[in-house]
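Presented below is the structure to which this report refers.
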There are 2 protein chains.
Amino acid sequence: MPTYTPPLRDMQFVMHEVFHLTDEFKAMPRYAEVDVDTVNAVLQEAGRFAAEVTFPLNISGDTEGCQLDTATHEVTTPKGFKEAYGKYVEGGWAALSCDPEFGGQGLPFALNQCLYEMLNSANQAWTMYPGLSHGAYEALVAHGTDEQKKTYLPKLTSGEWTGTMCLTEPHCGTDLGLLRTKAEPVGDGTYRITGNKIFISAGEHGFTDNIVHLVLARLPDAPKGSKGISLFVVPKFKVSADGSLGERNPIFCTALEHKMGIHGNATCALALDGAVGTLVGEPHKGLAAMFVMMNAARLGVGNQSLGLTEVAFQNALAYAKERLQMRSLSGKKAKDKEADPIIVHPDVRKMLLTARAYADGARALQVLCSLLVDKAHHHPDEKVRKDSDQLVALLTPIVKAFVTDNGFAATNACMQVFGGHGYIKEWGMEQFVRDARINMIYEGTNTVQSLDLLGRKVLGDQGAALKKLGKLVGQLVQEEGVNEAMAEFINPIALLGEQMTKFTTEIGFKGFQNPDEVGAAAVDYLRVAGHLVFGYLFARMAQVALRKIAEGSTDPFYTAKLQTARFYFAKLFPEIHSLMRTARAGSKSLMDTDAVLA
Amino acid sequence: MPTYTPPLRDMQFVMHEVFHLTDEFKAMPRYAEVDVDTVNAVLQEAGRFAAEVTFPLNISGDTEGCQLDTATHEVTTPKGFKEAYGKYVEGGWAALSCDPEFGGQGLPFALNQCLYEMLNSANQAWTMYPGLSHGAYEALVAHGTDEQKKTYLPKLTSGEWTGTMCLTEPHCGTDLGLLRTKAEPVGDGTYRITGNKIFISAGEHGFTDNIVHLVLARLPDAPKGSKGISLFVVPKFKVSADGSLGERNPIFCTALEHKMGIHGNATCALALDGAVGTLVGEPHKGLAAMFVMMNAARLGVGNQSLGLTEVAFQNALAYAKERLQMRSLSGKKAKDKEADPIIVHPDVRKMLLTARAYADGARALQVLCSLLVDKAHHHPDEKVRKDSDQLVALLTPIVKAFVTDNGFAATNACMQVFGGHGYIKEWGMEQFVRDARINMIYEGTNTVQSLDLLGRKVLGDQGAALKKLGKLVGQLVQEEGVNEAMAEFINPIALLGEQMTKFTTEIGFKGFQNPDEVGAAAVDYLRVAGHLVFGYLFARMAQVALRKIAEGSTDPFYTAKLQTARFYFAKLFPEIHSLMRTARAGSKSLMDTDAVLA
């Protein structure tokens, strides 16, 4: 059975020593009082909740899955899931980063993301129940009417109700412009919504009295395509003016999907049969409102893979230290044992270090992004808000795609460390792989992310956002360019930073002549950009570690950070050399293939 | 629901047009009569069996799994599995490439491997039941006594009985030197064997009257370690001198593993409680006998991933042509439809072509290896036998590791083409991924393969075997070096061929000073070697295609082969540039990590 220890020190390192979050908070009135002790105390309690309450339900949740009662349309979740949710609400975790106006604790998003990293390590399937509420919450905060805010936000904040995102239909996922669900105005300001949704995570369950569905649908006068989509809030039970629950709204779970992983989460097909809802935001502008949910969700998906990478690493490391098999190539290490622990083998170390580095890089990126989100929302200086927003918009597809591709590679590597035992369910490793696999797909496939990055975020503004990233890297290079101890970390990112401009211009130019060139290069481009970002983050982590060591620290924690950075630059970062070649190979070998793809 | 069409034309292309198998057969008395028509007729019938009999049981087999009756120790396999096996035996498939001396049809191993490619596409879990018999058959042919051959080989040949390989124990997999199962001589030439085995594929089932277990165990006077292991044949039911079945031998299935995939195969824990067996080969030389099984099994595992890659490709291609979603970046393609089929998108094509290229490369490699095995066994010229044996020994770890890593990447890419639907069981794509995952682990993990390749097969004989591969590549380069049409395929392999010698020498030199350098480079080295081999094979396939086109053929089949080769060199082969860098980065960043792996 796997174990999980919340990586509090690693989180604190990134939050306090690399990004100095609480110093940044001081500039934001809402967070000015959040100090290191508060952060650490919350992290510790959050870690305890994850490790003690939801982690023990991870394997049983996978084994039991969810069941639908087709007569009542009610869903039974795995044993203990509901009770764990009760404790979550009771502990105030749902409200952690919500607005005090609606009963929230008003703590930084960065702290909430750390809570979620641990929840995801512990039990991704369970975590999606409260996790989906955040999207609904954000959409209503940004676009809800006062009435909607009053009705739903206090309940979503407390966790008394949960939320969902109802986008996908059988014939449309990526291409929401095709969606068919209809909303007919009743005349009293409400709408009757009819249609079929699929793949609705946490779409039904018995955790709460009510579920707040955010549903995309078309009004009768809607233009075709994505400019004719509106967003509605459709509660499972209608809500009276006094807040009491009324009759059941006809939005019913008609089927549960049988999936590769995240078995503990109820992935629902929902049928809406004239379900009553109210409009969120303006008519036909539903996609904009939806993107408020989606951007939060994309950061959340990266965070899921970070969580899985961390827990898979911890277990693979423990196994590699215990499992005795063969001798080290460079001579017996455990002379008193019948064989050496497999951690003596270079490739076993490579698999472990891959996971360790991908976890450390993802965590640093996640904390950076959450800080940017906090600044974008709460910094008093408008320019800071705008800059932060632009940078996090650029980084979001990297978080979603780079971190989830890495997470799948990392959980796979950790499973491989177990040999045949990795393939057996009771060890828990193959579940991490199966759960991690969905993260490359949902909330926009990783291909969609790459097009968002290269097409929209990079080329779409003529490289302006990319320059902001380049500036971050450039600052560090300038700061440390003459520091010999930092050269091994600075040189590779300085070089890639320079190459990146030329590389981008080249693709942009080719794409101008033939847009398929952008599509052909995008996935490779995103990984190169991901390595530029990770390279920058590892250099920053190494910088802190080197300073601490220079100051006389003998804490092996800092040595570990240095070793991880060295491993990253030696064994993972060089992937850019192949990626830049395959990106430059262009679109012809992909598109001129009608005979083979006939 | 997935579909499967046996890729007969692709097989015939490699067999007849690239490797001219039947010309090669003419030199081998046993196969001299095997002509093109015979090969094609067998392929067609084999394909029909796979597509019509075992493929329809693939998803249901995954869903149902196997059940153990703990009272009787009998295992129930998924519905239809036993009947399919009956048809397999009835059709004579079990005997296809077995020796006529024992009732076999005496057809080439190359043909048997093509049968197995299709069986693996259709249903890997089912195919392992007959597949495991081959190892037992080979071990007994090579090392069995006359008595053992007479007792077991006709039954294994006909398929009336199946065989297993009982190696792994709870505390030892890779490191068989640690095994504890004991064999006590009874005095009458038999042994009583006691111990616990795990991970025994097809270890129990109700298909046949008897199961022939090949079991590794230690004699009382055995030296410690791997030089004290002996091989025994232990039937489920004892066999009387007249061939009739006697009493039940105490070798009992005590548990079935719950696995990530291959659910339809019974992966058994077997308890031997004084089970009676006879010695195969010499005392303490069991590992040598075991390697006869193992080498065949390793080629077989690569073949499993080839099969899964092919079937995943076929289904992803069909889906990509049907699924309408978004518009092509370079302008609407399906103007009469509400969206374009997703195959218009460059990255969707990249995912499909990755699978297509990995299938084509693996198939060519598999046919080459089977031909080498046939030559090693049946060629009249001893030098040809020896050379073939040496080359196939070099290629075996590449087949096992490169093809299975590629197969996992390819099935994953094909699953990704389906977006969210790929994650849902009913589409069948996620099962291909789960089934493909075991192939990177069993019969020696892919790390073990890389050490076998670099440590034993390449450096172990000072590059002699590698030179044989280099000679093959060199011949093609010489043949086509002045042909401008071939330059795009010849140049990259000519260059890599040259680099390979220096690269190998470099690692060998470093490894001489520090053996961990070999362990640190081995996995990357194997993939570089894999690309050299695939590059050679794609160049040979392109050569045939170009000749046909030059001769005036307008058959799009040849255009497809050219397009696949071009894709391979543009988008997959360049992986070598990162691999050579990470291999050269050496062992320090892996081994100097005690703080991070504390």
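Quick note on naming: the chains in the structure tokens go A, B, ... in the order shown, residues restart at 1 in each chain, and ligands are numbered from 1 in order of appearance.
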Could you list, as a PyMOL selection string, the residues of chain B having an atom within 6 Å of chain A when counting only C-alpha atoms? chain B and resi 175+258-260+325-326+329-330+346-347+349+419+423-425+441+515-516+519-520+556+560+563+567+570-571+574-575+577-578+582+585+589-590+593+595-596
Close residues, Pro2 in chain B itself excluded, 8 Å, only C-alpha atoms, min 4 positions apart in chain, as a ChimeraX atom specification: /B:315,427-429
Mind checking which residues fall within 8 Å of Ser388 in chain A, counting only C-alpha atoms, ignoring those fewer than 6 positions away in the same chain, and posting them as a ChimeraX atom specification? /A:372-373,375-376
Mind dumping the selected residues with N, CA, C and O atoms as a PDB file, in the first residue's frame?
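Okay, this is what ended up in again.pdb:
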ATOM      1  N   LEU A 372       0.978  35.114  -9.450  1.00  0.00           N
ATOM      2  CA  LEU A 372       0.573  36.015 -10.535  1.00  0.00           C
ATOM      3  C   LEU A 372      -0.943  36.203 -10.552  1.00  0.00           C
ATOM      4  O   LEU A 372      -1.438  37.308 -10.787  1.00  0.00           O
ATOM      5  N   VAL A 373      -1.686  35.115 -10.273  1.00  0.00           N
ATOM      6  CA  VAL A 373      -3.147  35.219 -10.219  1.00  0.00           C
ATOM      7  C   VAL A 373      -3.549  36.133  -9.063  1.00  0.00           C
ATOM      8  O   VAL A 373      -4.405  37.011  -9.213  1.00  0.00           O
ATOM      9  N   LYS A 375      -1.789  38.508  -7.762  1.00  0.00           N
ATOM     10  CA  LYS A 375      -1.450  39.887  -8.136  1.00  0.00           C
ATOM     11  C   LYS A 375      -2.429  40.436  -9.173  1.00  0.00           C
ATOM     12  O   LYS A 375      -2.827  41.600  -9.103  1.00  0.00           O
ATOM     13  N   ALA A 376      -2.782  39.600 -10.146  1.00  0.00           N
ATOM     14  CA  ALA A 376      -3.696  40.055 -11.201  1.00  0.00           C
ATOM     15  C   ALA A 376      -5.027  40.500 -10.603  1.00  0.00           C
ATOM     16  O   ALA A 376      -5.679  41.398 -11.111  1.00  0.00           O
TER      17      ALA A 376
END
DSSP on the backbone: which residues in range 308-433 of chain A end up as alpha helix (DSSP H)? Give the answer as JSON, numbers by chain. {"A": [308, 309, 310, 311, 312, 313, 314, 315, 316, 317, 318, 319, 320, 321, 322, 346, 347, 348, 349, 350, 351, 352, 353, 354, 355, 356, 357, 358, 359, 360, 361, 362, 363, 364, 365, 366, 367, 368, 369, 370, 371, 372, 373, 374, 375, 376, 377, 378, 382, 383, 384, 385, 386, 387, 388, 389, 390, 391, 392, 393, 394, 395, 396, 397, 398, 399, 400, 401, 402, 403, 404, 405, 406, 407, 408, 409, 410, 411, 412, 413, 414, 415, 416, 417, 429, 430, 431, 432, 433]}
CA of Gly530 in chain B to CA of Gly455 in chain B measures 15.7 Å
